[in-house]
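Enquirer: Input my_file.pdb, format and content: PDB, C-alpha atoms and all ligand atoms.
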ATOM      1  CA  MET I   1      89.862  83.951  82.293
ATOM      2  CA  SER I   2      88.572  87.544  82.167
ATOM      3  CA  THR I   3      91.055  90.203  81.157
ATOM      4  CA  THR I   4      89.078  92.702  83.245
ATOM      5  CA  PRO I   5      88.614  90.875  86.554
ATOM      6  CA  LEU I   6      87.904  94.143  88.395
ATOM      7  CA  ALA I   7      85.140  95.299  86.025
ATOM      8  CA  GLY I   8      82.421  97.141  87.950
ATOM      9  CA  LYS I   9      84.675  97.832  90.947
ATOM     10  CA  VAL I  10      85.410 101.319  92.277
ATOM     11  CA  ALA I  11      88.813 101.952  93.858
ATOM     12  CA  VAL I  12      89.982 104.929  95.906
ATOM     13  CA  ILE I  13      93.724 105.560  96.128
ATOM     14  CA  THR I  14      95.138 108.364  98.257
ATOM     15  CA  GLY I  15      98.308 109.787  96.750
ATOM     16  CA  GLY I  16      97.156 108.151  93.533
ATOM     17  CA  SER I  17      98.727 110.658  91.161
ATOM     18  CA  LYS I  18     102.389 109.657  91.477
ATOM     19  CA  GLY I  19     104.721 106.796  92.382
ATOM     20  CA  ILE I  20     103.192 103.596  93.738
ATOM     21  CA  GLY I  21      99.700 105.138  93.789
ATOM     22  CA  ALA I  22      99.796 106.085  90.095
ATOM     23  CA  ALA I  23     101.198 102.684  89.093
ATOM     24  CA  THR I  24      98.406 101.051  91.107
ATOM     25  CA  ALA I  25      95.722 103.254  89.524
ATOM     26  CA  THR I  26      97.061 102.254  86.104
ATOM     27  CA  GLN I  27      97.022  98.527  86.874
ATOM     28  CA  LEU I  28      93.550  98.596  88.447
ATOM     29  CA  VAL I  29      92.116 100.458  85.442
ATOM     30  CA  SER I  30      93.778  97.932  83.116
ATOM     31  CA  ARG I  31      91.876  95.230  85.051
ATOM     32  CA  GLY I  32      88.567  97.039  84.528
ATOM     33  CA  ALA I  33      88.167  99.097  87.733
ATOM     34  CA  ARG I  34      87.228 102.764  87.903
ATOM     35  CA  VAL I  35      89.658 104.652  90.104
ATOM     36  CA  VAL I  36      89.491 107.801  92.204
ATOM     37  CA  VAL I  37      92.933 109.381  92.096
ATOM     38  CA  ASN I  38      93.416 111.496  95.215
ATOM     39  CA  TYR I  39      96.282 113.973  95.365
ATOM     40  CA  GLY I  40      97.566 116.789  97.567
ATOM     41  CA  ARG I  41      99.015 119.740  95.695
ATOM     42  CA  ASP I  42     100.022 118.911  92.143
ATOM     43  CA  THR I  43      96.848 119.207  90.061
ATOM     44  CA  SER I  44      98.654 118.906  86.742
ATOM     45  CA  ALA I  45     100.132 115.485  87.615
ATOM     46  CA  ALA I  46      96.711 114.182  88.669
ATOM     47  CA  GLU I  47      95.012 115.570  85.561
ATOM     48  CA  LYS I  48      97.708 114.112  83.317
ATOM     49  CA  LEU I  49      97.186 110.655  84.811
ATOM     50  CA  VAL I  50      93.402 110.920  84.484
ATOM     51  CA  SER I  51      93.769 111.936  80.869
ATOM     52  CA  THR I  52      96.079 108.950  80.225
ATOM     53  CA  LEU I  53      93.699 106.520  81.935
ATOM     54  CA  GLY I  54      90.577 108.037  80.390
ATOM     55  CA  ALA I  55      87.988 110.242  82.063
ATOM     56  CA  ASP I  56      85.475 107.353  82.164
ATOM     57  CA  ASN I  57      87.938 105.250  84.160
ATOM     58  CA  ALA I  58      89.628 107.734  86.487
ATOM     59  CA  TYR I  59      88.548 110.756  88.502
ATOM     60  CA  ALA I  60      90.923 113.133  90.285
ATOM     61  CA  VAL I  61      90.028 114.499  93.717
ATOM     62  CA  GLN I  62      92.198 117.028  95.538
ATOM     63  CA  ALA I  63      91.909 116.425  99.279
ATOM     64  CA  ASP I  64      94.333 116.429 102.201
ATOM     65  CA  ALA I  65      94.649 112.723 103.023
ATOM     66  CA  ALA I  66      96.204 113.663 106.380
ATOM     67  CA  SER I  67      93.089 115.325 107.800
ATOM     68  CA  ILE I  68      89.625 114.131 108.770
ATOM     69  CA  SER I  69      87.967 116.878 106.716
ATOM     70  CA  GLY I  70      90.134 115.824 103.737
ATOM     71  CA  VAL I  71      89.209 112.144 103.889
ATOM     72  CA  GLU I  72      85.543 113.096 104.375
ATOM     73  CA  LYS I  73      85.754 115.209 101.219
ATOM     74  CA  LEU I  74      87.366 112.296  99.344
ATOM     75  CA  VAL I  75      84.656 109.829 100.373
ATOM     76  CA  LYS I  76      81.861 112.324  99.594
ATOM     77  CA  SER I  77      83.293 113.079  96.127
ATOM     78  CA  THR I  78      83.668 109.351  95.393
ATOM     79  CA  ILE I  79      80.118 108.537  96.415
ATOM     80  CA  GLU I  80      78.721 111.460  94.406
ATOM     81  CA  LYS I  81      80.633 110.271  91.350
ATOM     82  CA  PHE I  82      80.483 106.459  91.578
ATOM     83  CA  GLY I  83      78.057 105.612  94.416
ATOM     84  CA  LYS I  84      80.196 103.032  96.250
ATOM     85  CA  ILE I  85      83.710 101.923  97.229
ATOM     86  CA  ASP I  86      84.966  98.362  96.590
ATOM     87  CA  ILE I  87      88.706  98.879  96.979
ATOM     88  CA  LEU I  88      90.263 101.318  99.438
ATOM     89  CA  ILE I  89      93.988 102.049  99.306
ATOM     90  CA  PRO I  90      95.199 104.650 101.821
ATOM     91  CA  ASN I  91      98.576 104.992 100.134
ATOM     92  CA  ALA I  92      99.700 108.630 100.584
ATOM     93  CA  GLY I  93     102.639 108.795 102.953
ATOM     94  CA  LEU I  94     105.585 110.852 104.078
ATOM     95  CA  LEU I  95     109.130 109.610 104.640
ATOM     96  CA  THR I  96     110.473 111.956 107.306
ATOM     97  CA  LEU I  97     114.043 110.947 108.001
ATOM     98  CA  LYS I  98     114.571 111.951 111.631
ATOM     99  CA  ASP I  99     116.231 110.182 114.505
ATOM    100  CA  VAL I 100     114.721 110.557 117.945
ATOM    101  CA  GLU I 101     117.029 113.431 118.898
ATOM    102  CA  SER I 102     116.252 115.636 115.898
ATOM    103  CA  CYS I 103     112.518 114.973 115.613
ATOM    104  CA  THR I 104     110.297 117.938 116.459
ATOM    105  CA  GLU I 105     106.686 117.818 117.556
ATOM    106  CA  GLU I 106     105.787 119.226 114.133
ATOM    107  CA  ASP I 107     107.699 116.412 112.353
ATOM    108  CA  PHE I 108     105.958 113.883 114.562
ATOM    109  CA  ASP I 109     102.457 115.270 113.983
ATOM    110  CA  ARG I 110     102.910 115.817 110.232
ATOM    111  CA  THR I 111     104.226 112.288 109.705
ATOM    112  CA  PHE I 112     101.703 110.542 111.942
ATOM    113  CA  ASN I 113      98.867 112.590 110.413
ATOM    114  CA  ILE I 114      99.474 111.435 106.851
ATOM    115  CA  ASN I 115     100.820 107.947 107.569
ATOM    116  CA  VAL I 116      98.422 106.898 110.349
ATOM    117  CA  LYS I 117      95.624 109.347 111.166
ATOM    118  CA  GLY I 118      94.557 109.788 107.522
ATOM    119  CA  PRO I 119      94.383 106.037 106.760
ATOM    120  CA  PHE I 120      92.596 105.337 110.074
ATOM    121  CA  PHE I 121      89.852 107.889 109.498
ATOM    122  CA  LEU I 122      89.597 107.176 105.761
ATOM    123  CA  VAL I 123      88.702 103.598 106.655
ATOM    124  CA  GLN I 124      86.152 104.868 109.182
ATOM    125  CA  LYS I 125      84.510 107.283 106.714
ATOM    126  CA  ALA I 126      84.542 104.831 103.773
ATOM    127  CA  LEU I 127      83.170 101.790 105.632
ATOM    128  CA  PRO I 128      79.471 102.725 105.370
ATOM    129  CA  TYR I 129      79.843 102.606 101.569
ATOM    130  CA  MET I 130      81.781  99.319 101.385
ATOM    131  CA  ALA I 131      79.877  96.082 100.865
ATOM    132  CA  ALA I 132      80.881  92.489 101.666
ATOM    133  CA  GLY I 133      83.648  91.361  99.294
ATOM    134  CA  SER I 134      85.379  94.747  99.404
ATOM    135  CA  SER I 135      89.069  95.057 100.153
ATOM    136  CA  ILE I 136      91.329  97.477 102.012
ATOM    137  CA  VAL I 137      95.081  97.641 101.347
ATOM    138  CA  LEU I 138      97.245  99.669 103.716
ATOM    139  CA  ILE I 139     100.861 100.542 102.927
ATOM    140  CA  SER I 140     103.624  99.607 105.352
ATOM    141  CA  THR I 141     107.365  99.404 104.649
ATOM    142  CA  THR I 142     110.036  96.724 104.492
ATOM    143  CA  GLN I 143     112.050  98.946 106.862
ATOM    144  CA  CYS I 144     109.857  97.513 109.637
ATOM    145  CA  TYR I 145     111.298  94.044 108.863
ATOM    146  CA  ALA I 146     114.898  94.663 107.790
ATOM    147  CA  SER I 147     117.471  93.195 110.171
ATOM    148  CA  THR I 148     119.413  96.454 110.058
ATOM    149  CA  VAL I 149     117.852  99.881 109.850
ATOM    150  CA  SER I 150     119.399 103.285 110.472
ATOM    151  CA  ALA I 151     118.349 105.828 113.111
ATOM    152  CA  PRO I 152     116.743 108.338 110.683
ATOM    153  CA  TYR I 153     114.013 105.756 110.044
ATOM    154  CA  THR I 154     112.853 105.928 113.684
ATOM    155  CA  LEU I 155     109.816 108.148 113.152
ATOM    156  CA  TYR I 156     108.826 106.601 109.800
ATOM    157  CA  CYS I 157     109.003 103.045 111.151
ATOM    158  CA  ALA I 158     106.944 104.062 114.184
ATOM    159  CA  THR I 159     104.155 105.188 111.824
ATOM    160  CA  LYS I 160     104.343 102.091 109.640
ATOM    161  CA  GLY I 161     104.431  99.836 112.704
ATOM    162  CA  ALA I 162     101.073 101.394 113.580
ATOM    163  CA  ILE I 163      99.847 100.513 110.081
ATOM    164  CA  ASP I 164     100.867  96.881 110.550
ATOM    165  CA  GLN I 165      98.912  96.677 113.803
ATOM    166  CA  LEU I 166      95.939  98.424 112.227
ATOM    167  CA  THR I 167      96.013  95.793 109.482
ATOM    168  CA  ARG I 168      96.196  92.938 111.984
ATOM    169  CA  VAL I 169      93.322  94.065 114.175
ATOM    170  CA  LEU I 170      91.061  95.604 111.501
ATOM    171  CA  SER I 171      91.264  92.434 109.406
ATOM    172  CA  LYS I 172      89.720  90.394 112.189
ATOM    173  CA  ASP I 173      87.066  92.988 112.994
ATOM    174  CA  LEU I 174      86.008  93.801 109.438
ATOM    175  CA  LEU I 175      85.975  90.295 107.963
ATOM    176  CA  ALA I 176      83.783  89.139 110.839
ATOM    177  CA  LYS I 177      81.482  92.161 110.839
ATOM    178  CA  LYS I 178      81.318  93.160 107.185
ATOM    179  CA  GLY I 179      83.042  90.548 104.997
ATOM    180  CA  ILE I 180      85.817  93.011 104.110
ATOM    181  CA  ARG I 181      89.422  91.844 103.729
ATOM    182  CA  VAL I 182      92.252  94.013 105.072
ATOM    183  CA  ASN I 183      95.903  93.531 104.104
ATOM    184  CA  ALA I 184      99.056  95.622 103.925
ATOM    185  CA  ILE I 185     101.843  95.746 101.362
ATOM    186  CA  ALA I 186     105.325  96.510 102.714
ATOM    187  CA  PRO I 187     107.481  97.746  99.812
ATOM    188  CA  GLY I 188     111.241  97.786  99.835
ATOM    189  CA  PRO I 189     113.140 100.730  98.328
ATOM    190  CA  THR I 190     111.136 101.754  95.269
ATOM    191  CA  ALA I 191     112.037 104.382  92.670
ATOM    192  CA  THR I 192     109.504 107.121  93.437
ATOM    193  CA  ASP I 193     109.808 110.801  94.403
ATOM    194  CA  LEU I 194     109.394 109.870  98.062
ATOM    195  CA  PHE I 195     112.372 107.519  97.983
ATOM    196  CA  LEU I 196     114.643 109.306  95.502
ATOM    197  CA  GLU I 197     114.266 112.848  96.880
ATOM    198  CA  GLY I 198     117.456 114.168  98.454
ATOM    199  CA  LYS I 199     119.505 111.007  97.823
ATOM    200  CA  PRO I 200     122.679 111.544  95.772
ATOM    201  CA  GLN I 201     123.388 108.984  93.016
ATOM    202  CA  GLN I 202     126.201 107.536  95.147
ATOM    203  CA  VAL I 203     123.732 106.723  97.931
ATOM    204  CA  LEU I 204     121.244 105.228  95.456
ATOM    205  CA  ASP I 205     124.018 103.080  93.985
ATOM    206  CA  ALA I 206     124.992 101.902  97.459
ATOM    207  CA  ILE I 207     121.388 100.974  98.301
ATOM    208  CA  ALA I 208     121.019  99.120  94.992
ATOM    209  CA  GLY I 209     124.409  97.447  95.494
ATOM    210  CA  ALA I 210     123.393  96.131  98.919
ATOM    211  CA  HIS I 211     120.257  94.539  97.476
ATOM    212  CA  PRO I 212     120.380  90.850  96.498
ATOM    213  CA  GLY I 213     118.996  91.841  93.072
ATOM    214  CA  LYS I 214     121.428  94.769  92.761
ATOM    215  CA  ARG I 215     118.690  97.223  91.970
ATOM    216  CA  ILE I 216     115.881  99.322  93.435
ATOM    217  CA  GLY I 217     112.261  98.223  92.939
ATOM    218  CA  LYS I 218     109.882  99.778  90.429
ATOM    219  CA  PRO I 219     106.479 101.243  91.366
ATOM    220  CA  GLU I 220     104.830  98.795  88.918
ATOM    221  CA  GLU I 221     106.252  95.865  90.904
ATOM    222  CA  ILE I 222     104.545  97.095  94.067
ATOM    223  CA  ALA I 223     101.340  97.888  92.161
ATOM    224  CA  ALA I 224     101.192  94.319  90.810
ATOM    225  CA  SER I 225     101.074  92.973  94.368
ATOM    226  CA  ILE I 226      98.347  95.420  95.318
ATOM    227  CA  ALA I 227      96.377  94.392  92.215
ATOM    228  CA  TYR I 228      96.741  90.746  93.259
ATOM    229  CA  VAL I 229      95.616  91.285  96.832
ATOM    230  CA  VAL I 230      92.437  93.198  95.865
ATOM    231  CA  GLY I 231      91.447  90.522  93.343
ATOM    232  CA  ASP I 232      89.313  87.397  93.726
ATOM    233  CA  GLY I 233      92.464  85.274  93.563
ATOM    234  CA  ALA I 234      93.279  86.576  97.048
ATOM    235  CA  SER I 235      89.805  85.908  98.473
ATOM    236  CA  TRP I 236      91.314  83.953 101.419
ATOM    237  CA  VAL I 237      94.143  86.416 102.069
ATOM    238  CA  SER I 238      93.420  88.774 104.948
ATOM    239  CA  GLY I 239      95.302  90.213 107.897
ATOM    240  CA  GLN I 240      98.653  89.862 106.110
ATOM    241  CA  THR I 241     101.467  92.325 105.655
ATOM    242  CA  ILE I 242     103.037  91.194 102.392
ATOM    243  CA  LYS I 243     106.652  92.248 101.913
ATOM    244  CA  VAL I 244     107.418  93.171  98.298
ATOM    245  CA  ASN I 245     111.122  93.863  98.114
ATOM    246  CA  GLY I 246     112.929  91.371  95.889
ATOM    247  CA  GLY I 247     114.097  89.346  98.868
ATOM    248  CA  LEU I 248     115.675  92.202 100.834
ATOM    249  CA  ALA I 249     113.958  91.246 104.099
TER     250      ALA I 249
HETATM  251  N1  LIG I 301     109.006 104.548  97.584
HETATM  252  C1  LIG I 301     109.450 103.700  98.500
HETATM  253  O1  LIG I 301     110.618 103.299  98.512
HETATM  254  C2  LIG I 301     108.501 103.194  99.566
HETATM  255  C3  LIG I 301     108.932 102.133 100.373
HETATM  256  C4  LIG I 301     108.080 101.664 101.364
HETATM  257  C5  LIG I 301     106.832 102.238 101.546
HETATM  258  N2  LIG I 301     106.431 103.266 100.754
HETATM  259  C6  LIG I 301     105.109 103.852 100.993
HETATM  260  O2  LIG I 301     104.368 103.840  99.776
HETATM  261  C7  LIG I 301     103.418 104.913  99.806
HETATM  262  C8  LIG I 301     103.499 105.687  98.504
HETATM  263  O3  LIG I 301     104.784 106.259  98.417
HETATM  264  P1  LIG I 301     105.449 106.748  97.047
HETATM  265  O4  LIG I 301     106.884 106.451  97.159
HETATM  266  O5  LIG I 301     104.675 106.219  95.892
HETATM  267  O6  LIG I 301     105.221 108.341  97.170
HETATM  268  P2  LIG I 301     105.383 109.499  96.091
HETATM  269  O7  LIG I 301     105.891 109.000  94.785
HETATM  270  O8  LIG I 301     106.156 110.584  96.788
HETATM  271  O9  LIG I 301     103.867 109.995  95.860
HETATM  272  C9  LIG I 301     103.232 110.739  96.814
HETATM  273  C10 LIG I 301     101.760 110.882  96.440
HETATM  274  O10 LIG I 301     101.061 111.275  97.627
HETATM  275  C11 LIG I 301     100.360 112.490  97.358
HETATM  276  N3  LIG I 301     100.261 113.252  98.589
HETATM  277  C12 LIG I 301     101.261 113.746  99.358
HETATM  278  N4  LIG I 301     100.734 114.383 100.432
HETATM  279  C13 LIG I 301      99.392 114.268 100.321
HETATM  280  C14 LIG I 301      98.303 114.694 101.113
HETATM  281  N5  LIG I 301      98.490 115.382 102.268
HETATM  282  N6  LIG I 301      97.042 114.402 100.710
HETATM  283  C15 LIG I 301      96.827 113.714  99.552
HETATM  284  N7  LIG I 301      97.818 113.270  98.769
HETATM  285  C16 LIG I 301      99.084 113.546  99.156
HETATM  286  C17 LIG I 301     101.149 113.163  96.253
HETATM  287  O11 LIG I 301     100.356 114.129  95.570
HETATM  288  P3  LIG I 301     100.869 115.671  95.411
HETATM  289  O12 LIG I 301     102.250 115.617  94.833
HETATM  290  O13 LIG I 301      99.819 116.293  94.532
HETATM  291  O14 LIG I 301     100.844 116.259  96.808
HETATM  292  C18 LIG I 301     101.513 111.940  95.402
HETATM  293  O15 LIG I 301     100.379 111.553  94.626
HETATM  294  C19 LIG I 301     103.715 105.711 101.069
HETATM  295  O16 LIG I 301     102.820 105.346 102.087
HETATM  296  C20 LIG I 301     105.126 105.290 101.424
HETATM  297  O17 LIG I 301     105.409 105.423 102.798
HETATM  298  C21 LIG I 301     107.237 103.752  99.764
END
Take the structure I supplied and represent it as structure tokens, if you would.
Expert:
Amino acid sequence: MSTTPLAGKVAVITGGSKGIGAATATQLVSRGARVVVNYGRDTSAAEKLVSTLGADNAYAVQADAASISGVEKLVKSTIEKFGKIDILIPNAGLLTLKDVESCTEEDFDRTFNINVKGPFFLVQKALPYMAAGSSIVLISTTQCYASTVSAPYTLYCATKGAIDQLTRVLSKDLLAKKGIRVNAIAPGPTATDLFLEGKPQQVLDAIAGAHPGKRIGKPEEIAASIAYVVGDGASWVSGQTIKVNGGLA
């Protein structure tokens, strides 16, 4: 079996410089893909990752993944550099913890823009450059499936619910029309900036303690599932939201 099953493939990952995105970029490069690492503000983190992965294998592109002009810039830069897109991972997201009473219009727009609008229009802009056999992986959350969930997840879950429906409908449309598979990965709590930010150790311990495995997931564990679903071994997997959470939900 090849150790580089993704050789010749070009992947685009929004929010690819940190957390789940960076772990995914690392695993895809280790399987032979070349990866476009999109990021928002932190150029040094993106450049550090590119230098670790090798400039022949990874290419950093600053672009706002929440805006149409940003995703257009990302697609244009990718095509200028690599000429095609085989794997599209609209991963960048925002966890805005707001219940319905405290949510402002600005919170709503900011969160929907990065979690839903960006992925939607990135797919639209990338599609002309994606051939049959390509793969799209959207990022949902296990919070959409947990039997208990707290009120501050209201806005976030509304955005990720939209991602699940996008996955469901797009998968039918794009496999039929273009031979492109569409799936989503729904991570459980995973140790990244997005999840850890603002949570005291006591809260983290409580979350880990409530988990059947008594720990929080690692970005590499989510990345491994993404690497599986974009590979040939998942050639008959489409339209699925795959929960990756150590049995939490
Ligand atoms: N971590 C979890 O527990 C968890 C659980 C379920 C689902 N998820 C989902 O997994 C995805 C990745 O989350 P994560 O935890 O890996 O996040 P993270 O560690 O906070 O990483 C965020 C990444 O997104 C980039 N980014 C932020 N705003 C951006 C923008 N407007 N345009 C382009 N890039 C932007 C950041 O780059 P800069 O720093 O340069 O801006 C960084 O590369 C999200 O969709 C999240 O909802 C995470």
Enquirer: Between chain I and ligand LIG 301 (chain I), at 8 Å or less, what are the per-residue closest atom pairs and their distances in Å? Count all atoms listed in the file, order by chain and rising residue number, and return it as JSON lines.
Expert:
{"residue": "I:Thr14", "atom": "CA", "partner": "I:LIG301", "partner_atom": "N7", "distance": 5.6}
{"residue": "I:Gly15", "atom": "CA", "partner": "I:LIG301", "partner_atom": "O10", "distance": 3.2}
{"residue": "I:Gly16", "atom": "CA", "partner": "I:LIG301", "partner_atom": "O15", "distance": 4.8}
{"residue": "I:Ser17", "atom": "CA", "partner": "I:LIG301", "partner_atom": "O15", "distance": 3.9}
{"residue": "I:Lys18", "atom": "CA", "partner": "I:LIG301", "partner_atom": "O15", "distance": 4.2}
{"residue": "I:Gly19", "atom": "CA", "partner": "I:LIG301", "partner_atom": "O7", "distance": 3.5}
{"residue": "I:Ile20", "atom": "CA", "partner": "I:LIG301", "partner_atom": "O5", "distance": 3.7}
{"residue": "I:Gly21", "atom": "CA", "partner": "I:LIG301", "partner_atom": "O5", "distance": 5.5}
{"residue": "I:Ala22", "atom": "CA", "partner": "I:LIG301", "partner_atom": "O15", "distance": 7.1}
{"residue": "I:Asn38", "atom": "CA", "partner": "I:LIG301", "partner_atom": "N7", "distance": 5.9}
{"residue": "I:Tyr39", "atom": "CA", "partner": "I:LIG301", "partner_atom": "N7", "distance": 3.8}
{"residue": "I:Gly40", "atom": "CA", "partner": "I:LIG301", "partner_atom": "O14", "distance": 3.4}
{"residue": "I:Arg41", "atom": "CA", "partner": "I:LIG301", "partner_atom": "O13", "distance": 3.7}
{"residue": "I:Asp42", "atom": "CA", "partner": "I:LIG301", "partner_atom": "O13", "distance": 3.5}
{"residue": "I:Thr43", "atom": "CA", "partner": "I:LIG301", "partner_atom": "O13", "distance": 6.1}
{"residue": "I:Ala45", "atom": "CA", "partner": "I:LIG301", "partner_atom": "O13", "distance": 7.0}
{"residue": "I:Ala46", "atom": "CA", "partner": "I:LIG301", "partner_atom": "O13", "distance": 7.0}
{"residue": "I:Gln62", "atom": "CA", "partner": "I:LIG301", "partner_atom": "C15", "distance": 7.0}
{"residue": "I:Ala63", "atom": "CA", "partner": "I:LIG301", "partner_atom": "C15", "distance": 5.6}
{"residue": "I:Asp64", "atom": "CA", "partner": "I:LIG301", "partner_atom": "N6", "distance": 3.7}
{"residue": "I:Ala65", "atom": "CA", "partner": "I:LIG301", "partner_atom": "N6", "distance": 3.7}
{"residue": "I:Ala66", "atom": "CA", "partner": "I:LIG301", "partner_atom": "N5", "distance": 5.0}
{"residue": "I:Ser67", "atom": "CA", "partner": "I:LIG301", "partner_atom": "N5", "distance": 7.7}
{"residue": "I:Gly70", "atom": "CA", "partner": "I:LIG301", "partner_atom": "N6", "distance": 7.7}
{"residue": "I:Pro90", "atom": "CA", "partner": "I:LIG301", "partner_atom": "O16", "distance": 7.7}
{"residue": "I:Asn91", "atom": "CA", "partner": "I:LIG301", "partner_atom": "O16", "distance": 4.7}
{"residue": "I:Ala92", "atom": "CA", "partner": "I:LIG301", "partner_atom": "O10", "distance": 4.2}
{"residue": "I:Gly93", "atom": "CA", "partner": "I:LIG301", "partner_atom": "O16", "distance": 3.6}
{"residue": "I:Leu94", "atom": "CA", "partner": "I:LIG301", "partner_atom": "O17", "distance": 5.6}
{"residue": "I:Leu95", "atom": "CA", "partner": "I:LIG301", "partner_atom": "O17", "distance": 5.9}
{"residue": "I:Ile114", "atom": "CA", "partner": "I:LIG301", "partner_atom": "N5", "distance": 6.1}
{"residue": "I:Asn115", "atom": "CA", "partner": "I:LIG301", "partner_atom": "O16", "distance": 6.4}
{"residue": "I:Ile139", "atom": "CA", "partner": "I:LIG301", "partner_atom": "O16", "distance": 5.3}
{"residue": "I:Ser140", "atom": "CA", "partner": "I:LIG301", "partner_atom": "C5", "distance": 5.6}
{"residue": "I:Thr141", "atom": "CA", "partner": "I:LIG301", "partner_atom": "C4", "distance": 4.1}
{"residue": "I:Thr142", "atom": "CA", "partner": "I:LIG301", "partner_atom": "C4", "distance": 6.2}
{"residue": "I:Gln143", "atom": "CA", "partner": "I:LIG301", "partner_atom": "C4", "distance": 7.3}
{"residue": "I:Tyr156", "atom": "CA", "partner": "I:LIG301", "partner_atom": "O17", "distance": 7.9}
{"residue": "I:Lys160", "atom": "CA", "partner": "I:LIG301", "partner_atom": "O17", "distance": 7.7}
{"residue": "I:Ala186", "atom": "CA", "partner": "I:LIG301", "partner_atom": "C4", "distance": 6.0}
{"residue": "I:Pro187", "atom": "CA", "partner": "I:LIG301", "partner_atom": "C4", "distance": 4.3}
{"residue": "I:Gly188", "atom": "CA", "partner": "I:LIG301", "partner_atom": "C3", "distance": 5.0}
{"residue": "I:Pro189", "atom": "CA", "partner": "I:LIG301", "partner_atom": "O1", "distance": 3.6}
{"residue": "I:Thr190", "atom": "CA", "partner": "I:LIG301", "partner_atom": "O1", "distance": 3.6}
{"residue": "I:Ala191", "atom": "CA", "partner": "I:LIG301", "partner_atom": "N1", "distance": 5.8}
{"residue": "I:Thr192", "atom": "CA", "partner": "I:LIG301", "partner_atom": "O7", "distance": 4.3}
{"residue": "I:Asp193", "atom": "CA", "partner": "I:LIG301", "partner_atom": "O7", "distance": 4.3}
{"residue": "I:Leu194", "atom": "CA", "partner": "I:LIG301", "partner_atom": "O8", "distance": 3.6}
{"residue": "I:Phe195", "atom": "CA", "partner": "I:LIG301", "partner_atom": "N1", "distance": 4.5}
{"residue": "I:Leu196", "atom": "CA", "partner": "I:LIG301", "partner_atom": "N1", "distance": 7.7}
{"residue": "I:Gly217", "atom": "CA", "partner": "I:LIG301", "partner_atom": "O1", "distance": 7.7}
{"residue": "I:Pro219", "atom": "CA", "partner": "I:LIG301", "partner_atom": "O5", "distance": 7.0}
Enquirer: Which one is closest to Thr154 (chain I): I:Ile207, I:Ala7, I:Val244, I:Val100? Count all atoms listed in the file.
Expert: I:Val100
Enquirer: Run the PyMOL selection byres (((chain I and resi 229) around 10) and not hetatm) mentally over the shown coordinates, then write out the matched residues as JSON, numbers by chain, using the chain letters and numbers from the document.
Expert: {"I": [135, 136, 137, 181, 182, 183, 184, 185, 223, 224, 225, 226, 227, 228, 230, 231, 232, 233, 234, 235, 236, 237, 238, 240, 242]}
Enquirer: From the set I:Ala58, I:Leu88, I:Val169, I:Leu127, which residue has the shortest atom-to-atom contact distance to Ala25 (chain I), counting only C-alpha atoms?
Expert: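 Closest to Ala25 (chain I) of all the choices is I:Ala58.
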Enquirer: Report, in Å to a single decimal, how far apart CA of Leu97 (chain I) and CA of Gly198 (chain I) are.
Expert: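 So the answer is 10.6 Å.
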Enquirer: Which residues would end up in the selection if the PyMOL selection byres (((chain I and resi 36) around 10) and not hetatm) were applied here, given that I need the answer as a PyMOL selection string?
Expert: chain I and resi 10-14+16-17+25+33-35+37-39+50+57-61+74-75+77-78+81-82+85+88
Enquirer: Could N, CA and C atoms be built for region 39-49 of chain I and written out as a compact mmCIF listing (two decimals), in the frame of the given file?
Expert:
# COMPACT_ATOMS: atom_id res chain seq x y z
N TYR I 39 94.96 113.35 95.33
CA TYR I 39 96.28 113.97 95.36
C TYR I 39 96.25 115.16 96.33
N GLY I 40 97.46 115.69 96.61
CA GLY I 40 97.57 116.79 97.57
C GLY I 40 97.66 118.15 96.90
N ARG I 41 98.78 118.38 96.19
CA ARG I 41 99.02 119.74 95.70
C ARG I 41 99.16 119.86 94.19
N ASP I 42 99.61 118.80 93.54
CA ASP I 42 100.02 118.91 92.14
C ASP I 42 98.89 118.50 91.20
N THR I 43 98.03 119.49 90.89
CA THR I 43 96.85 119.21 90.06
C THR I 43 97.24 118.71 88.68
N SER I 44 98.33 119.27 88.12
CA SER I 44 98.65 118.91 86.74
C SER I 44 99.05 117.44 86.64
N ALA I 45 99.76 116.92 87.65
CA ALA I 45 100.13 115.48 87.62
C ALA I 45 98.89 114.61 87.68
N ALA I 46 97.94 114.98 88.54
CA ALA I 46 96.71 114.18 88.67
C ALA I 46 95.90 114.24 87.38
N GLU I 47 95.80 115.44 86.79
CA GLU I 47 95.01 115.57 85.56
C GLU I 47 95.67 114.82 84.40
N LYS I 48 97.00 114.83 84.38
CA LYS I 48 97.71 114.11 83.32
C LYS I 48 97.41 112.60 83.42
N LEU I 49 97.45 112.09 84.64
CA LEU I 49 97.19 110.66 84.81
C LEU I 49 95.75 110.32 84.40
